[in-house]
Amino acid sequence: MSHSRKKLDLTGQRFGRLTVLEQAENVNGRTAWRCRCDCGRETIAKSCHLRNGHVRSCGCARDGCLTYVDGTCVELLRAKTVRRNNTSGVPGVDWRASKHSWRASICFKGKRYYLGSYARFEDAVKARKLAEENLHDSFLREFEREAQAERQAIPSD
């Protein structure tokens, strides 16, 4: 008497940000599935990784469902949080004791930009805020425009 296992079908099921589309070719002898992420990309994931929670997105949602675009985390830009180790109270502004000045900098798309050194704290803050508007805020506005256009392009049932 042969024992046959009921074939598991994950088609249509959601795992984190992934929706299973169809079975894919096996990966290392394990059943794999083609999935679409909420960001629109497709990925292949093994059944066991989907079911045990090891795979929750195509990779765009590292660190708890965060959205990365060109190395920039959209949620962190929106939040405008101050890091715990910040001593000035303003992101990207720090005191350079060796130079007796305030330094302003900003990170964007994986690069750090130095905005200058200033004798007055207020001037360093002004430089940082201007850079935030030019880089972060304009990036977020464009991201939201594109996301809105994508939502409108999806046909409703």
# chains A, B, ... in the order shown; residues from 1 in each chain; ligands from 1
$ residues_around --residues "region 37-52 of chain A" --least-positions-apart "6" --cutoff "6 Å" --atoms "only C-alpha atoms" --output "PyMOL selection string"
chain A and resi 17-18+31+58
$ select_by_dssp --residues "region 41-148 of chain A" --states "alpha helix (DSSP H)" --output "ChimeraX atom specification"
/A:47-51,62-65,74-79,121-131,138-148
$ closest_residue --among "A:Lys126, A:Asp94, A:Asn134, A:Asn26" --to "Val82 (chain A)" --atoms "only C-alpha atoms"
A:Asp94
$ atom_distance --atom1 "CA of Ala124 (chain A)" --atom2 "CA of Lys99 (chain A)"
14.0 Å
$ atom_distance --atom1 "CA of Glu133 (chain A)" --atom2 "CA of Tyr118 (chain A)"
19.4 Å
$ atom_distance --atom1 "CA of Gly59 (chain A)" --atom2 "CA of Arg112 (chain A)"
23.5 Å
$ closest_residue --among "A:Gln148, A:Ser105, A:Ser117, A:Gln13" --to "Ala131 (chain A)" --atoms "only C-alpha atoms"
A:Ser105
$ select_by_dssp --residues "chain A" --states "strand (DSSP E)" --output "PDB file with N, CA, C and O atoms, in the first residue's frame"
ATOM      1  N   ARG A  14      -1.476  34.495   1.232  1.00  0.00           N
ATOM      2  CA  ARG A  14      -0.571  35.605   1.540  1.00  0.00           C
ATOM      3  C   ARG A  14       0.347  35.225   2.681  1.00  0.00           C
ATOM      4  O   ARG A  14      -0.077  34.618   3.664  1.00  0.00           O
ATOM      5  N   PHE A  15       1.603  35.625   2.543  1.00  0.00           N
ATOM      6  CA  PHE A  15       2.612  35.436   3.570  1.00  0.00           C
ATOM      7  C   PHE A  15       3.347  36.769   3.690  1.00  0.00           C
ATOM      8  O   PHE A  15       4.159  37.112   2.827  1.00  0.00           O
ATOM      9  N   LEU A  18       3.845  38.948   0.551  1.00  0.00           N
ATOM     10  CA  LEU A  18       3.850  38.105  -0.650  1.00  0.00           C
ATOM     11  C   LEU A  18       2.502  37.424  -0.875  1.00  0.00           C
ATOM     12  O   LEU A  18       1.895  36.907   0.063  1.00  0.00           O
ATOM     13  N   THR A  19       2.072  37.398  -2.138  1.00  0.00           N
ATOM     14  CA  THR A  19       0.913  36.627  -2.558  1.00  0.00           C
ATOM     15  C   THR A  19       1.420  35.553  -3.504  1.00  0.00           C
ATOM     16  O   THR A  19       2.116  35.854  -4.480  1.00  0.00           O
ATOM     17  N   VAL A  20       1.087  34.297  -3.207  1.00  0.00           N
ATOM     18  CA  VAL A  20       1.546  33.183  -4.031  1.00  0.00           C
ATOM     19  C   VAL A  20       0.756  33.164  -5.329  1.00  0.00           C
ATOM     20  O   VAL A  20      -0.469  33.163  -5.322  1.00  0.00           O
ATOM     21  N   LEU A  21       1.485  33.155  -6.465  1.00  0.00           N
ATOM     22  CA  LEU A  21       0.862  33.149  -7.781  1.00  0.00           C
ATOM     23  C   LEU A  21       0.709  31.743  -8.335  1.00  0.00           C
ATOM     24  O   LEU A  21      -0.353  31.379  -8.840  1.00  0.00           O
ATOM     25  N   GLU A  22       1.795  30.951  -8.265  1.00  0.00           N
ATOM     26  CA  GLU A  22       1.759  29.598  -8.825  1.00  0.00           C
ATOM     27  C   GLU A  22       2.991  28.835  -8.366  1.00  0.00           C
ATOM     28  O   GLU A  22       3.957  29.429  -7.878  1.00  0.00           O
ATOM     29  N   GLN A  23       2.944  27.523  -8.558  1.00  0.00           N
ATOM     30  CA  GLN A  23       4.102  26.716  -8.215  1.00  0.00           C
ATOM     31  C   GLN A  23       5.200  26.969  -9.238  1.00  0.00           C
ATOM     32  O   GLN A  23       4.931  27.125 -10.433  1.00  0.00           O
ATOM     33  N   ALA A  24       6.415  27.024  -8.748  1.00  0.00           N
ATOM     34  CA  ALA A  24       7.584  27.222  -9.607  1.00  0.00           C
ATOM     35  C   ALA A  24       8.382  25.920  -9.631  1.00  0.00           C
ATOM     36  O   ALA A  24       8.001  24.938  -8.998  1.00  0.00           O
ATOM     37  N   GLU A  25       9.485  25.930 -10.348  1.00  0.00           N
ATOM     38  CA  GLU A  25      10.355  24.756 -10.346  1.00  0.00           C
ATOM     39  C   GLU A  25      10.909  24.561  -8.945  1.00  0.00           C
ATOM     40  O   GLU A  25      11.152  25.524  -8.221  1.00  0.00           O
ATOM     41  N   ASN A  26      11.102  23.304  -8.571  1.00  0.00           N
ATOM     42  CA  ASN A  26      11.641  23.010  -7.250  1.00  0.00           C
ATOM     43  C   ASN A  26      13.030  23.623  -7.088  1.00  0.00           C
ATOM     44  O   ASN A  26      13.790  23.729  -8.049  1.00  0.00           O
ATOM     45  N   VAL A  27      13.326  24.014  -5.855  1.00  0.00           N
ATOM     46  CA  VAL A  27      14.632  24.585  -5.513  1.00  0.00           C
ATOM     47  C   VAL A  27      15.292  23.638  -4.524  1.00  0.00           C
ATOM     48  O   VAL A  27      14.755  23.405  -3.440  1.00  0.00           O
ATOM     49  N   ARG A  30      13.103  21.067  -3.001  1.00  0.00           N
ATOM     50  CA  ARG A  30      11.955  21.560  -2.235  1.00  0.00           C
ATOM     51  C   ARG A  30      10.973  22.274  -3.145  1.00  0.00           C
ATOM     52  O   ARG A  30      11.358  22.918  -4.114  1.00  0.00           O
ATOM     53  N   THR A  31       9.697  22.162  -2.803  1.00  0.00           N
ATOM     54  CA  THR A  31       8.668  22.846  -3.582  1.00  0.00           C
ATOM     55  C   THR A  31       8.857  24.349  -3.441  1.00  0.00           C
ATOM     56  O   THR A  31       9.053  24.866  -2.345  1.00  0.00           O
ATOM     57  N   ALA A  32       8.794  25.045  -4.567  1.00  0.00           N
ATOM     58  CA  ALA A  32       8.966  26.499  -4.572  1.00  0.00           C
ATOM     59  C   ALA A  32       7.769  27.141  -5.263  1.00  0.00           C
ATOM     60  O   ALA A  32       7.070  26.502  -6.048  1.00  0.00           O
ATOM     61  N   TRP A  33       7.569  28.417  -4.957  1.00  0.00           N
ATOM     62  CA  TRP A  33       6.407  29.145  -5.451  1.00  0.00           C
ATOM     63  C   TRP A  33       6.818  30.494  -6.005  1.00  0.00           C
ATOM     64  O   TRP A  33       7.687  31.166  -5.449  1.00  0.00           O
ATOM     65  N   ARG A  34       6.180  30.887  -7.104  1.00  0.00           N
ATOM     66  CA  ARG A  34       6.370  32.231  -7.658  1.00  0.00           C
ATOM     67  C   ARG A  34       5.384  33.127  -6.926  1.00  0.00           C
ATOM     68  O   ARG A  34       4.193  32.833  -6.842  1.00  0.00           O
ATOM     69  N   CYS A  35       5.901  34.215  -6.353  1.00  0.00           N
ATOM     70  CA  CYS A  35       5.087  35.113  -5.535  1.00  0.00           C
ATOM     71  C   CYS A  35       5.231  36.549  -6.030  1.00  0.00           C
ATOM     72  O   CYS A  35       6.271  36.932  -6.563  1.00  0.00           O
ATOM     73  N   ARG A  36       4.184  37.331  -5.826  1.00  0.00           N
ATOM     74  CA  ARG A  36       4.239  38.764  -6.116  1.00  0.00           C
ATOM     75  C   ARG A  36       4.219  39.504  -4.791  1.00  0.00           C
ATOM     76  O   ARG A  36       3.367  39.266  -3.938  1.00  0.00           O
ATOM     77  N   CYS A  37       5.169  40.423  -4.647  1.00  0.00           N
ATOM     78  CA  CYS A  37       5.276  41.246  -3.446  1.00  0.00           C
ATOM     79  C   CYS A  37       4.349  42.456  -3.583  1.00  0.00           C
ATOM     80  O   CYS A  37       4.013  42.870  -4.698  1.00  0.00           O
ATOM     81  N   GLU A  42       8.344  40.290  -8.367  1.00  0.00           N
ATOM     82  CA  GLU A  42       8.100  38.867  -8.177  1.00  0.00           C
ATOM     83  C   GLU A  42       9.351  38.201  -7.647  1.00  0.00           C
ATOM     84  O   GLU A  42      10.465  38.651  -7.909  1.00  0.00           O
ATOM     85  N   THR A  43       9.151  37.114  -6.903  1.00  0.00           N
ATOM     86  CA  THR A  43      10.258  36.371  -6.335  1.00  0.00           C
ATOM     87  C   THR A  43       9.856  34.908  -6.236  1.00  0.00           C
ATOM     88  O   THR A  43       8.675  34.576  -6.317  1.00  0.00           O
ATOM     89  N   ILE A  44      10.835  34.034  -6.082  1.00  0.00           N
ATOM     90  CA  ILE A  44      10.604  32.606  -5.884  1.00  0.00           C
ATOM     91  C   ILE A  44      10.952  32.286  -4.433  1.00  0.00           C
ATOM     92  O   ILE A  44      11.997  32.702  -3.940  1.00  0.00           O
ATOM     93  N   ALA A  45      10.065  31.540  -3.758  1.00  0.00           N
ATOM     94  CA  ALA A  45      10.305  31.181  -2.359  1.00  0.00           C
ATOM     95  C   ALA A  45       9.912  29.731  -2.136  1.00  0.00           C
ATOM     96  O   ALA A  45       8.943  29.245  -2.717  1.00  0.00           O
ATOM     97  N   LYS A  46      10.651  29.050  -1.285  1.00  0.00           N
ATOM     98  CA  LYS A  46      10.327  27.680  -0.923  1.00  0.00           C
ATOM     99  C   LYS A  46       9.122  27.667   0.005  1.00  0.00           C
ATOM    100  O   LYS A  46       8.925  28.585   0.802  1.00  0.00           O
ATOM    101  N   TYR A  68      12.407  50.083   0.722  1.00  0.00           N
ATOM    102  CA  TYR A  68      13.679  50.665   0.296  1.00  0.00           C
ATOM    103  C   TYR A  68      13.631  50.985  -1.190  1.00  0.00           C
ATOM    104  O   TYR A  68      13.206  50.159  -1.980  1.00  0.00           O
ATOM    105  N   VAL A  69      14.058  52.182  -1.547  1.00  0.00           N
ATOM    106  CA  VAL A  69      14.172  52.598  -2.939  1.00  0.00           C
ATOM    107  C   VAL A  69      15.579  53.156  -3.116  1.00  0.00           C
ATOM    108  O   VAL A  69      15.948  54.132  -2.446  1.00  0.00           O
ATOM    109  N   THR A  72      17.394  53.795   0.015  1.00  0.00           N
ATOM    110  CA  THR A  72      16.803  54.769   0.926  1.00  0.00           C
ATOM    111  C   THR A  72      15.518  54.202   1.509  1.00  0.00           C
ATOM    112  O   THR A  72      14.652  53.748   0.767  1.00  0.00           O
ATOM    113  N   CYS A  73      15.387  54.225   2.833  1.00  0.00           N
ATOM    114  CA  CYS A  73      14.203  53.709   3.508  1.00  0.00           C
ATOM    115  C   CYS A  73      13.136  54.789   3.565  1.00  0.00           C
ATOM    116  O   CYS A  73      13.307  55.818   4.232  1.00  0.00           O
ATOM    117  N   VAL A  93      23.250  67.034  12.388  1.00  0.00           N
ATOM    118  CA  VAL A  93      23.987  68.186  12.911  1.00  0.00           C
ATOM    119  C   VAL A  93      24.745  67.726  14.153  1.00  0.00           C
ATOM    120  O   VAL A  93      24.154  67.183  15.082  1.00  0.00           O
ATOM    121  N   ASP A  94      26.070  67.898  14.144  1.00  0.00           N
ATOM    122  CA  ASP A  94      26.872  67.503  15.296  1.00  0.00           C
ATOM    123  C   ASP A  94      27.985  68.523  15.563  1.00  0.00           C
ATOM    124  O   ASP A  94      28.402  69.252  14.664  1.00  0.00           O
ATOM    125  N   TRP A  95      28.393  68.564  16.822  1.00  0.00           N
ATOM    126  CA  TRP A  95      29.435  69.479  17.260  1.00  0.00           C
ATOM    127  C   TRP A  95      30.799  68.847  17.019  1.00  0.00           C
ATOM    128  O   TRP A  95      31.039  67.713  17.393  1.00  0.00           O
ATOM    129  N   ARG A  96      31.677  69.571  16.343  1.00  0.00           N
ATOM    130  CA  ARG A  96      33.059  69.124  16.086  1.00  0.00           C
ATOM    131  C   ARG A  96      33.968  69.894  17.024  1.00  0.00           C
ATOM    132  O   ARG A  96      34.384  71.024  16.723  1.00  0.00           O
ATOM    133  N   SER A 101      33.210  73.908  15.781  1.00  0.00           N
ATOM    134  CA  SER A 101      32.142  74.268  14.840  1.00  0.00           C
ATOM    135  C   SER A 101      31.087  73.171  14.791  1.00  0.00           C
ATOM    136  O   SER A 101      31.317  72.043  15.219  1.00  0.00           O
ATOM    137  N   TRP A 102      29.928  73.549  14.256  1.00  0.00           N
ATOM    138  CA  TRP A 102      28.833  72.616  14.024  1.00  0.00           C
ATOM    139  C   TRP A 102      28.922  72.128  12.588  1.00  0.00           C
ATOM    140  O   TRP A 102      29.086  72.919  11.675  1.00  0.00           O
ATOM    141  N   ARG A 103      28.853  70.810  12.427  1.00  0.00           N
ATOM    142  CA  ARG A 103      28.900  70.215  11.085  1.00  0.00           C
ATOM    143  C   ARG A 103      27.500  69.749  10.699  1.00  0.00           C
ATOM    144  O   ARG A 103      26.799  69.142  11.494  1.00  0.00           O
ATOM    145  N   ALA A 104      27.130  70.036   9.466  1.00  0.00           N
ATOM    146  CA  ALA A 104      25.845  69.569   8.935  1.00  0.00           C
ATOM    147  C   ALA A 104      26.115  68.553   7.827  1.00  0.00           C
ATOM    148  O   ALA A 104      27.010  68.750   7.003  1.00  0.00           O
ATOM    149  N   SER A 105      25.341  67.455   7.843  1.00  0.00           N
ATOM    150  CA  SER A 105      25.469  66.432   6.798  1.00  0.00           C
ATOM    151  C   SER A 105      24.110  65.781   6.611  1.00  0.00           C
ATOM    152  O   SER A 105      23.208  65.930   7.432  1.00  0.00           O
ATOM    153  N   ILE A 106      23.991  65.056   5.505  1.00  0.00           N
ATOM    154  CA  ILE A 106      22.745  64.333   5.222  1.00  0.00           C
ATOM    155  C   ILE A 106      23.099  63.080   4.422  1.00  0.00           C
ATOM    156  O   ILE A 106      24.028  63.091   3.612  1.00  0.00           O
ATOM    157  N   CYS A 107      22.371  61.998   4.696  1.00  0.00           N
ATOM    158  CA  CYS A 107      22.548  60.755   3.938  1.00  0.00           C
ATOM    159  C   CYS A 107      21.351  60.572   3.020  1.00  0.00           C
ATOM    160  O   CYS A 107      20.211  60.822   3.412  1.00  0.00           O
ATOM    161  N   PHE A 108      21.653  60.138   1.798  1.00  0.00           N
ATOM    162  CA  PHE A 108      20.586  59.927   0.823  1.00  0.00           C
ATOM    163  C   PHE A 108      21.077  58.957  -0.235  1.00  0.00           C
ATOM    164  O   PHE A 108      22.167  59.119  -0.780  1.00  0.00           O
ATOM    165  N   LYS A 111      24.638  57.541   0.159  1.00  0.00           N
ATOM    166  CA  LYS A 111      25.784  58.455   0.186  1.00  0.00           C
ATOM    167  C   LYS A 111      25.594  59.490   1.291  1.00  0.00           C
ATOM    168  O   LYS A 111      24.477  59.909   1.578  1.00  0.00           O
ATOM    169  N   ARG A 112      26.698  59.907   1.884  1.00  0.00           N
ATOM    170  CA  ARG A 112      26.682  60.978   2.884  1.00  0.00           C
ATOM    171  C   ARG A 112      27.169  62.251   2.205  1.00  0.00           C
ATOM    172  O   ARG A 112      28.203  62.256   1.547  1.00  0.00           O
ATOM    173  N   TYR A 113      26.413  63.316   2.384  1.00  0.00           N
ATOM    174  CA  TYR A 113      26.766  64.616   1.832  1.00  0.00           C
ATOM    175  C   TYR A 113      27.105  65.556   2.986  1.00  0.00           C
ATOM    176  O   TYR A 113      26.292  65.727   3.904  1.00  0.00           O
ATOM    177  N   TYR A 114      28.301  66.142   2.943  1.00  0.00           N
ATOM    178  CA  TYR A 114      28.688  67.125   3.945  1.00  0.00           C
ATOM    179  C   TYR A 114      28.225  68.487   3.470  1.00  0.00           C
ATOM    180  O   TYR A 114      28.491  68.891   2.346  1.00  0.00           O
ATOM    181  N   LEU A 115      27.509  69.180   4.331  1.00  0.00           N
ATOM    182  CA  LEU A 115      26.876  70.448   3.975  1.00  0.00           C
ATOM    183  C   LEU A 115      27.637  71.657   4.504  1.00  0.00           C
ATOM    184  O   LEU A 115      27.227  72.784   4.269  1.00  0.00           O
ATOM    185  N   GLY A 116      28.708  71.404   5.216  1.00  0.00           N
ATOM    186  CA  GLY A 116      29.539  72.495   5.703  1.00  0.00           C
ATOM    187  C   GLY A 116      29.678  72.522   7.208  1.00  0.00           C
ATOM    188  O   GLY A 116      28.983  71.818   7.932  1.00  0.00           O
ATOM    189  N   SER A 117      30.601  73.357   7.658  1.00  0.00           N
ATOM    190  CA  SER A 117      30.835  73.599   9.087  1.00  0.00           C
ATOM    191  C   SER A 117      30.432  75.029   9.390  1.00  0.00           C
ATOM    192  O   SER A 117      30.698  75.938   8.592  1.00  0.00           O
ATOM    193  N   TYR A 118      29.830  75.202  10.566  1.00  0.00           N
ATOM    194  CA  TYR A 118      29.257  76.505  10.906  1.00  0.00           C
ATOM    195  C   TYR A 118      29.601  76.878  12.334  1.00  0.00           C
ATOM    196  O   TYR A 118      29.591  76.030  13.227  1.00  0.00           O
TER     197      TYR A 118
END
$ closest_residue --among "A:Asp9, A:Asp70, A:Pro91, A:Ser57" --to "Glu132 (chain A)" --atoms "only C-alpha atoms"
A:Pro91
